[in-house]
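Chemist: work27.txt is reproduced below (compact mmCIF, C-alpha atoms and all ligand atoms).
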# COMPACT_ATOMS: atom_id res chain seq x y z
CA MET A 21 -160.04 42.90 53.08
CA LYS A 22 -156.50 41.63 52.55
CA VAL A 23 -153.31 43.16 53.92
CA GLY A 24 -150.33 43.54 51.63
CA ILE A 25 -146.78 44.85 51.78
CA HIS A 26 -144.52 46.34 49.12
CA SER A 27 -141.38 44.27 48.49
CA SER A 28 -139.21 47.39 48.75
CA VAL A 29 -139.58 47.11 52.53
CA PHE A 30 -137.35 44.04 52.33
CA THR A 31 -135.23 44.31 49.21
CA GLY A 32 -134.13 46.66 46.46
CA ARG A 33 -133.25 43.81 44.09
CA LEU A 34 -135.69 41.19 42.87
CA ASP A 35 -133.06 38.56 42.13
CA HIS A 36 -133.55 35.13 43.72
CA ALA A 37 -132.11 36.23 47.08
CA GLY A 38 -134.27 39.38 47.09
CA ILE A 39 -137.42 37.44 46.19
CA GLU A 40 -136.70 34.90 48.93
CA LYS A 41 -136.08 37.65 51.48
CA SER A 42 -139.27 39.58 50.68
CA VAL A 43 -141.50 36.49 50.49
CA VAL A 44 -140.22 35.10 53.80
CA GLY A 45 -140.37 38.56 55.40
CA ALA A 46 -143.96 39.20 54.28
CA ALA A 47 -145.14 35.76 55.36
CA ASP A 48 -143.37 35.90 58.76
CA ALA A 49 -144.88 39.33 59.48
CA GLY A 50 -148.40 37.99 58.79
CA TYR A 51 -149.27 39.51 55.40
CA ASP A 52 -151.68 38.07 52.81
CA VAL A 53 -150.27 39.81 49.74
CA LEU A 54 -146.83 40.82 48.42
CA GLU A 55 -146.72 43.73 45.98
CA ILE A 56 -143.92 43.44 43.44
CA PRO A 57 -142.67 46.54 41.59
CA ILE A 58 -142.25 45.43 37.97
CA MET A 59 -139.72 48.05 36.95
CA ASP A 60 -137.66 45.47 35.02
CA PRO A 61 -140.01 42.85 33.47
CA GLU A 62 -137.19 41.01 31.66
CA GLY A 63 -135.11 40.71 34.82
CA LEU A 64 -137.83 39.08 36.93
CA ASP A 65 -137.80 35.26 37.27
CA VAL A 66 -141.58 34.80 37.30
CA ASP A 67 -141.48 31.02 37.84
CA PHE A 68 -139.19 31.38 40.85
CA LEU A 69 -141.39 34.15 42.26
CA ALA A 70 -144.61 32.17 41.71
CA ALA A 71 -143.16 29.10 43.46
CA ALA A 72 -141.86 31.15 46.40
CA LEU A 73 -145.23 32.90 46.87
CA GLU A 74 -147.15 29.64 46.68
CA SER A 75 -144.95 27.91 49.23
CA HIS A 76 -145.60 30.78 51.66
CA ASN A 77 -149.31 31.07 50.87
CA LEU A 78 -149.01 34.67 49.61
CA GLN A 79 -150.92 36.38 46.82
CA MET A 80 -149.21 38.76 44.42
CA THR A 81 -149.97 42.17 42.97
CA GLY A 82 -147.76 44.07 40.52
CA SER A 83 -147.09 47.77 40.31
CA LEU A 84 -144.95 50.12 38.31
CA GLY A 85 -144.31 53.70 37.39
CA LEU A 86 -143.68 54.52 33.74
CA THR A 87 -140.63 56.62 32.86
CA SER A 88 -140.05 59.52 30.46
CA GLU A 89 -138.99 56.93 27.86
CA THR A 90 -142.25 54.96 28.30
CA ASP A 91 -144.68 57.81 29.03
CA ILE A 92 -148.07 56.96 27.47
CA SER A 93 -149.24 60.54 28.13
CA SER A 94 -146.58 61.76 25.70
CA GLU A 95 -147.45 63.29 22.31
CA ASP A 96 -144.62 61.28 20.70
CA PRO A 97 -146.09 58.10 19.14
CA ALA A 98 -142.79 56.21 19.59
CA VAL A 99 -142.70 56.97 23.34
CA VAL A 100 -146.38 56.01 23.71
CA ALA A 101 -145.73 52.73 21.85
CA ALA A 102 -142.76 51.98 24.13
CA GLY A 103 -144.99 52.61 27.16
CA GLU A 104 -147.76 50.40 25.80
CA ASN A 105 -145.20 47.67 25.26
CA ARG A 106 -143.87 48.07 28.81
CA LEU A 107 -147.36 47.86 30.30
CA PHE A 108 -148.23 44.71 28.36
CA GLU A 109 -144.91 43.15 29.47
CA ALA A 110 -145.81 43.97 33.08
CA LEU A 111 -149.27 42.46 32.57
CA ASP A 112 -147.60 39.29 31.25
CA CYS A 113 -145.50 39.17 34.43
CA VAL A 114 -148.55 39.50 36.69
CA ALA A 115 -150.38 36.81 34.67
CA ASP A 116 -147.37 34.46 34.75
CA VAL A 117 -147.09 34.80 38.53
CA GLY A 118 -150.85 34.40 38.97
CA GLY A 119 -151.28 37.89 40.43
CA SER A 120 -154.56 39.74 40.92
CA HIS A 121 -153.79 43.40 40.17
CA LEU A 122 -151.60 45.68 38.10
CA CYS A 123 -151.50 49.14 39.67
CA GLY A 124 -149.33 52.21 40.18
CA VAL A 125 -148.50 55.17 37.95
CA ILE A 126 -149.35 53.36 34.73
CA TYR A 127 -151.11 56.29 32.99
CA SER A 128 -148.13 58.70 32.75
CA ALA A 129 -144.48 58.81 33.71
CA MET A 130 -143.73 58.84 37.43
CA THR A 131 -141.70 62.01 37.43
CA LYS A 132 -141.79 65.74 38.15
CA TYR A 133 -143.22 67.33 35.01
CA GLN A 134 -142.24 70.89 34.10
CA ARG A 135 -145.56 71.65 32.34
CA PRO A 136 -149.23 70.60 32.44
CA ALA A 137 -150.34 67.48 30.57
CA SER A 138 -151.63 68.12 27.05
CA GLU A 139 -155.05 67.07 25.75
CA ALA A 140 -153.48 64.94 23.02
CA GLY A 141 -151.22 63.27 25.56
CA ILE A 142 -154.10 62.48 27.92
CA ALA A 143 -156.04 61.01 24.98
CA ASN A 144 -153.06 58.74 24.24
CA SER A 145 -152.93 57.70 27.88
CA LYS A 146 -156.64 56.79 27.96
CA ARG A 147 -156.42 54.83 24.71
CA VAL A 148 -153.53 52.70 26.00
CA VAL A 149 -155.02 52.17 29.48
CA ASP A 150 -158.31 51.11 27.85
CA SER A 151 -156.57 48.54 25.70
CA LEU A 152 -154.47 47.29 28.66
CA ALA A 153 -157.63 46.96 30.77
CA SER A 154 -159.45 44.93 28.10
CA GLU A 155 -156.55 42.50 27.81
CA ALA A 156 -156.23 42.33 31.62
CA HIS A 157 -159.95 41.55 31.91
CA LYS A 158 -159.50 38.48 29.68
CA ARG A 159 -156.79 37.28 32.06
CA GLY A 160 -158.72 38.02 35.25
CA ILE A 161 -156.40 40.83 36.34
CA SER A 162 -157.68 44.15 37.71
CA ILE A 163 -156.13 47.46 36.68
CA ALA A 164 -155.92 50.33 39.17
CA LEU A 165 -154.57 53.84 38.57
CA GLU A 166 -152.58 55.26 41.49
CA VAL A 167 -153.43 58.85 42.37
CA VAL A 168 -150.10 60.52 43.15
CA ASN A 169 -148.99 63.99 44.17
CA ARG A 170 -148.15 66.80 41.78
CA TYR A 171 -144.41 66.11 41.96
CA GLU A 172 -144.86 62.58 40.57
CA SER A 173 -147.39 63.09 37.74
CA ASN A 174 -149.31 65.87 35.99
CA VAL A 175 -152.24 63.66 34.89
CA ILE A 176 -153.99 62.36 38.04
CA ASN A 177 -153.38 64.05 41.43
CA THR A 178 -156.77 63.61 43.13
CA ALA A 179 -159.46 60.94 43.40
CA GLY A 180 -161.84 63.29 41.56
CA GLU A 181 -159.43 63.51 38.62
CA ALA A 182 -159.05 59.72 38.60
CA LEU A 183 -162.83 59.24 38.50
CA ALA A 184 -163.17 61.72 35.63
CA TYR A 185 -160.43 59.84 33.75
CA LEU A 186 -162.25 56.53 34.35
CA ASP A 187 -165.49 58.03 32.99
CA ASP A 188 -163.83 58.41 29.58
CA LEU A 189 -162.79 54.77 29.32
CA GLY A 190 -164.70 52.02 27.52
CA SER A 191 -163.48 49.27 29.84
CA ASP A 192 -164.86 49.00 33.36
CA ASN A 193 -161.82 46.96 34.43
CA VAL A 194 -160.04 50.07 35.73
CA ALA A 195 -160.33 51.25 39.33
CA VAL A 196 -158.94 54.06 41.48
CA HIS A 197 -155.84 53.33 43.55
CA LEU A 198 -155.49 55.69 46.53
CA ASP A 199 -152.35 56.19 48.63
CA THR A 200 -152.48 58.05 51.95
CA TYR A 201 -149.00 59.53 51.48
CA HIS A 202 -150.17 61.29 48.31
CA MET A 203 -153.65 62.06 49.70
CA ASN A 204 -151.97 63.95 52.55
CA ILE A 205 -150.46 66.32 49.98
CA GLU A 206 -153.35 66.75 47.52
CA GLU A 207 -156.70 65.92 49.18
CA SER A 208 -158.59 67.80 51.91
CA ASN A 209 -158.72 64.73 54.16
CA LEU A 210 -158.33 60.94 54.15
CA TRP A 211 -162.04 60.05 54.05
CA GLN A 212 -163.83 62.12 51.39
CA PRO A 213 -161.89 60.64 48.43
CA VAL A 214 -162.70 57.12 49.67
CA LEU A 215 -166.43 57.89 49.84
CA GLU A 216 -166.28 59.66 46.47
CA ALA A 217 -164.67 56.64 44.79
CA GLY A 218 -166.95 54.14 46.57
CA PRO A 219 -167.18 50.90 44.58
CA ARG A 220 -164.66 52.26 42.07
CA LEU A 221 -161.91 52.18 44.71
CA GLY A 222 -159.89 49.11 43.73
CA TYR A 223 -156.60 49.34 45.60
CA VAL A 224 -155.14 51.18 48.58
CA HIS A 225 -151.60 52.03 49.63
CA ILE A 226 -151.21 52.97 53.27
CA GLY A 227 -148.13 54.98 54.19
CA GLU A 228 -147.21 57.69 56.69
CA ASN A 229 -146.66 61.32 55.69
CA HIS A 230 -142.90 60.65 55.81
CA ARG A 231 -143.22 57.04 54.60
CA GLY A 232 -141.74 55.61 57.82
CA TYR A 233 -143.35 53.60 60.65
CA LEU A 234 -147.18 53.67 60.53
CA GLY A 235 -148.43 55.70 63.48
CA SER A 236 -145.17 57.63 63.92
CA GLY A 237 -146.30 60.53 61.70
CA HIS A 238 -149.34 62.81 61.73
CA LEU A 239 -151.83 61.07 59.41
CA PRO A 240 -155.30 60.47 60.98
CA PHE A 241 -155.71 56.87 59.83
CA GLY A 242 -158.92 56.35 61.84
CA ALA A 243 -160.75 58.52 59.29
CA LEU A 244 -159.41 56.38 56.45
CA PHE A 245 -160.46 53.09 58.04
CA ARG A 246 -163.93 54.37 58.94
CA ALA A 247 -164.43 55.49 55.32
CA LEU A 248 -163.17 52.16 53.95
CA ARG A 249 -165.57 50.32 56.25
CA SER A 250 -168.49 52.50 55.24
CA ILE A 251 -168.00 51.73 51.52
CA GLU A 252 -167.55 48.05 52.46
CA TYR A 253 -164.11 48.01 50.88
CA ASP A 254 -163.10 44.43 50.20
CA GLY A 255 -159.81 44.91 48.33
CA VAL A 256 -156.16 44.99 49.32
CA ILE A 257 -154.57 47.51 51.70
CA THR A 258 -150.84 47.48 51.01
CA PHE A 259 -148.28 48.99 53.35
CA GLU A 260 -145.70 51.08 51.54
CA SER A 261 -142.59 52.42 53.25
CA PHE A 262 -139.18 53.46 52.04
CA SER A 263 -135.85 54.04 53.74
CA SER A 264 -132.31 54.52 52.52
CA ALA A 265 -131.63 51.27 54.40
CA VAL A 266 -133.08 49.40 51.37
CA VAL A 267 -132.11 50.80 47.98
CA ASP A 268 -133.96 49.95 44.77
CA GLU A 269 -131.86 51.32 41.94
CA ASN A 270 -134.96 52.07 39.84
CA LEU A 271 -137.31 53.34 42.52
CA SER A 272 -135.39 55.04 45.36
CA ASN A 273 -134.09 58.00 43.34
CA THR A 274 -137.45 58.59 41.62
CA LEU A 275 -139.24 58.68 44.98
CA GLY A 276 -136.62 60.82 46.69
CA VAL A 277 -135.68 58.26 49.32
CA TRP A 278 -132.69 60.10 50.76
CA ARG A 279 -132.81 59.37 54.45
CA ASN A 280 -132.93 56.50 56.87
CA LEU A 281 -136.41 56.27 58.43
CA TRP A 282 -135.88 52.70 59.68
CA SER A 283 -133.28 49.99 59.50
CA ASP A 284 -135.09 46.79 60.54
CA PRO A 285 -137.56 45.73 57.80
CA ASN A 286 -138.92 42.80 59.82
CA ASP A 287 -139.81 44.94 62.83
CA LEU A 288 -141.31 47.62 60.56
CA ALA A 289 -143.39 45.04 58.66
CA ALA A 290 -144.70 43.26 61.76
CA ARG A 291 -145.74 46.54 63.40
CA ALA A 292 -147.48 47.79 60.24
CA ASN A 293 -149.40 44.52 59.87
CA ASP A 294 -150.59 44.84 63.49
CA PHE A 295 -151.43 48.53 62.98
CA ILE A 296 -153.58 47.85 59.89
CA ARG A 297 -155.41 44.83 61.30
CA SER A 298 -156.10 46.41 64.69
CA SER A 299 -157.24 49.69 63.07
CA TRP A 300 -159.57 47.73 60.79
CA ALA A 301 -160.98 45.74 63.70
CA ALA A 302 -161.44 48.90 65.78
CA VAL A 303 -163.93 50.36 63.28
CA GLN A 304 -165.93 47.16 62.77
MN MN B 401 -148.09 54.27 46.54
Show how you would write the structure in this file as structure tokens.
Ligand code: MN
Modeler:
Amino acid sequence: MKVGIHSSVFTGRLDHAGIEKSVVGAADAGYDVLEIPIMDPEGLDVDFLAAALESHNLQMTGSLGLTSETDISSEDPAVVAAGENRLFEALDCVADVGGSHLCGVIYSAMTKYQRPASEAGIANSKRVVDSLASEAHKRGISIALEVVNRYESNVINTAGEALAYLDDLGSDNVAVHLDTYHMNIEESNLWQPVLEAGPRLGYVHIGENHRGYLGSGHLPFGALFRALRSIEYDGVITFESFSSAVVDENLSNTLGVWRNLWSDPNDLAARANDFIRSSWAAVQ
């Protein structure tokens, strides 16, 4: 098991200064992996990022949420094509940096939909994800679909829905990506979905119910860690937390980050790293 942290804990801008800040912050706090949101593939200096990660002995994963303009679950072929293009650009970024995973809301837009997903739209989504996964397989990159709550997608809101989606794909290079913040809203508990996904669980986000300090909310993380241990989970557990103290122009508004849950990213990161590692050790 490796412990990761989302770069939005440290910076809202992935320019050189932001990359430096998040790489140094993640390394100093004891993390193995830095997750980079690839919301702007053209604006990311992949060579600079790769060099910074290597010099701090960090691995990289990439994540993103598609938008209404790049929604591959749309029925509009032009929008689907734009989304496919965006996903392949993001895959290029992960490959160029030498990353291991591309995850997140990459099967629909990350937005509050006003109607259910359509059958034709879901078929478009599966076709594009299948083709992305085949290309990713050739490059040694794993694809994982993040299960998010009903206010952020209308395609996959539970682990069961993710597994049913995976069953329709030709590629086996697609896994389930669970996030405790979303599980708290949509699932019955934090352990059943983990057991249900079993070996098809490929990525985990750990976050509190309010997305602040781990352990300061009401989520029963012991149940999560016991379930992860029992399926012999060997992937990444990435800490995700958001505060108005760090603003990402692309992400903060989409996620509804309106209030200040913390102001010291380094303290937050160090405590979360300790929380995850000690919780993991406690259920050994
Ligand atoms: Mn997440």
Chemist: What lies within 12 Å of Tyr185 (chain A) using all atoms listed in the file, ignoring chain neighbours under 3 positions off, as a tab-separated table (two decimals) with C-alpha atoms, in the coordinates of the input?
Modeler:
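This is the output file selection04.tsv:
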chain	number	residue	atom	x	y	z
A	127	TYR	CA	-151.11	56.29	32.99
A	142	ILE	CA	-154.10	62.48	27.92
A	143	ALA	CA	-156.04	61.01	24.98
A	145	SER	CA	-152.93	57.70	27.88
A	146	LYS	CA	-156.64	56.79	27.96
A	147	ARG	CA	-156.42	54.83	24.71
A	149	VAL	CA	-155.02	52.17	29.48
A	150	ASP	CA	-158.31	51.11	27.85
A	164	ALA	CA	-155.92	50.33	39.17
A	165	LEU	CA	-154.57	53.84	38.57
A	166	GLU	CA	-152.58	55.26	41.49
A	167	VAL	CA	-153.43	58.85	42.37
A	175	VAL	CA	-152.24	63.66	34.89
A	176	ILE	CA	-153.99	62.36	38.04
A	177	ASN	CA	-153.38	64.05	41.43
A	178	THR	CA	-156.77	63.61	43.13
A	179	ALA	CA	-159.46	60.94	43.40
A	180	GLY	CA	-161.84	63.29	41.56
A	181	GLU	CA	-159.43	63.51	38.62
A	182	ALA	CA	-159.05	59.72	38.60
A	188	ASP	CA	-163.83	58.41	29.58
A	189	LEU	CA	-162.79	54.77	29.32
A	190	GLY	CA	-164.70	52.02	27.52
A	191	SER	CA	-163.48	49.27	29.84
A	192	ASP	CA	-164.86	49.00	33.36
A	194	VAL	CA	-160.04	50.07	35.73
A	195	ALA	CA	-160.33	51.25	39.33
A	196	VAL	CA	-158.94	54.06	41.48
Chemist: Neighbouring residues of ligand MN 401 (chain B) are defined here as those with any atom at most 9 Å from a ligand atom, counting all atoms listed in the file; list them as a list in words.
Modeler: Gly124, Val125, Glu166, Val167, Val168, His197, Leu198, Asp199, Thr200, Tyr201, His202, Val224, His225, Ile226, Gly227, Thr258, Phe259, Glu260 and Ser261 of chain A
Chemist: Enter the distance from CA of Asn174 (chain A) to CA of Glu55 (chain A), in Å, rounded to one decimal.
Modeler: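 Separating CA of Asn174 (chain A) from CA of Glu55 (chain A) is a distance of 24.4 Å.
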Chemist: Just the number, please: distance in Å from CA of Asn293 (chain A) to CA of Asp52 (chain A), one decimal.
Modeler: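 These two atoms are separated by 9.8 Å.
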Chemist: How close does region 260-297 of chain A get to region 22-27 of chain A? List, as a Markdown table, each residue of region 260-297 of chain A within 12 Å, its nearest atom pair and the distance in Å to one decimal, counting all atoms listed in the file.
Modeler:
| residue | atom | partner | partner_atom | distance |
| --- | --- | --- | --- | --- |
| A:Glu260 | CA | A:His26 | CA | 5.5 |
| A:Ser261 | CA | A:His26 | CA | 7.6 |
| A:Phe262 | CA | A:His26 | CA | 9.4 |
| A:Val266 | CA | A:Ser27 | CA | 10.2 |
| A:Val267 | CA | A:Ser27 | CA | 11.4 |
| A:Asp268 | CA | A:Ser27 | CA | 10.1 |
| A:Leu271 | CA | A:Ser27 | CA | 11.6 |
| A:Pro285 | CA | A:Ser27 | CA | 10.2 |
| A:Asn286 | CA | A:Ile25 | CA | 11.4 |
| A:Leu288 | CA | A:Ile25 | CA | 10.7 |
| A:Ala289 | CA | A:Ile25 | CA | 7.7 |
| A:Ala290 | CA | A:Ile25 | CA | 10.3 |
| A:Arg291 | CA | A:Ile25 | CA | 11.8 |
| A:Ala292 | CA | A:Ile25 | CA | 9.0 |
| A:Asn293 | CA | A:Val23 | CA | 7.2 |
| A:Asp294 | CA | A:Val23 | CA | 10.1 |
| A:Phe295 | CA | A:Val23 | CA | 10.7 |
| A:Ile296 | CA | A:Val23 | CA | 7.6 |
| A:Arg297 | CA | A:Val23 | CA | 7.9 |
Chemist: Give me the residues near Leu86 (chain A) as a PDB file with C-alpha atoms, keeping the file's coordinate frame, where near means some atom within 6 Å (using all atoms listed in the file) and where sequence neighbours in that chain fewer than 2 positions away do not count.
Modeler:
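Result file result_13.pdb:
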ATOM      1  CA  THR A  90    -142.250  54.960  28.300  1.00  0.00           C
ATOM      2  CA  ASP A  91    -144.680  57.810  29.030  1.00  0.00           C
ATOM      3  CA  ILE A 126    -149.350  53.360  34.730  1.00  0.00           C
ATOM      4  CA  ALA A 129    -144.480  58.810  33.710  1.00  0.00           C
ATOM      5  CA  MET A 130    -143.730  58.840  37.430  1.00  0.00           C
TER       6      MET A 130
END
Chemist: Taking all atoms of region 250-259 of chain A that the file lists and extending 5 Å past them on each side, where is the centre of the axis-aligned box and how long are its edges? Answer in Å to one decimal, as JSON.
Modeler:
{"center_x": -158.4, "center_y": 48.5, "center_z": 51.8, "size_x": 30.2, "size_y": 18.1, "size_z": 16.9}
Chemist: Could you list, as an MDAnalysis selection string, every residue within 7 Å of region 238-248 of chain A, counting only C-alpha atoms and ignoring same-chain residues fewer than 3 positions away?
Modeler: chainID A and resid 210:211 214:215 228:229 251:253 299:300 303
Chemist: Excluding Val43 (chain A) and its own-chain neighbours fewer than 6 positions away, which residues fall within 8 Å of it when counting all atoms listed in the file? Please give them as a ChimeraX atom specification.
Modeler: /A:54,72-73,76,78
Chemist: Could those residues be written to a file, using C-alpha atoms, as an mmCIF file, in the coordinates of the input?
Modeler:
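Done, and the output landed in selection-v3.cif:
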data_model
loop_
_atom_site.group_PDB
_atom_site.id
_atom_site.type_symbol
_atom_site.label_atom_id
_atom_site.label_comp_id
_atom_site.auth_asym_id
_atom_site.auth_seq_id
_atom_site.Cartn_x
_atom_site.Cartn_y
_atom_site.Cartn_z
ATOM 1 C CA LEU A 54 -146.830 40.820 48.420
ATOM 2 C CA ALA A 72 -141.860 31.150 46.400
ATOM 3 C CA LEU A 73 -145.230 32.900 46.870
ATOM 4 C CA HIS A 76 -145.600 30.780 51.660
ATOM 5 C CA LEU A 78 -149.010 34.670 49.610
#
Chemist: Nearest residue to Ala98 (chain A) out of A:Asn209, A:Ser272, A:Asn144, A:Ser42, using all atoms listed in the file?
Modeler: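 Of A:Asn209, A:Ser272, A:Asn144, A:Ser42, the one nearest Ala98 (chain A) is A:Asn144, counting all atoms listed in the file.
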Chemist: Select, from A:Gly276, A:Gly141, A:Gly232, A:Gly160, the residue with the minimum atom-to-atom distance to Ile92 (chain A), counting all atoms listed in the file.
Modeler: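 Ranking A:Gly276, A:Gly141, A:Gly232, A:Gly160 by distance to Ile92 (chain A), first place goes to A:Gly141.
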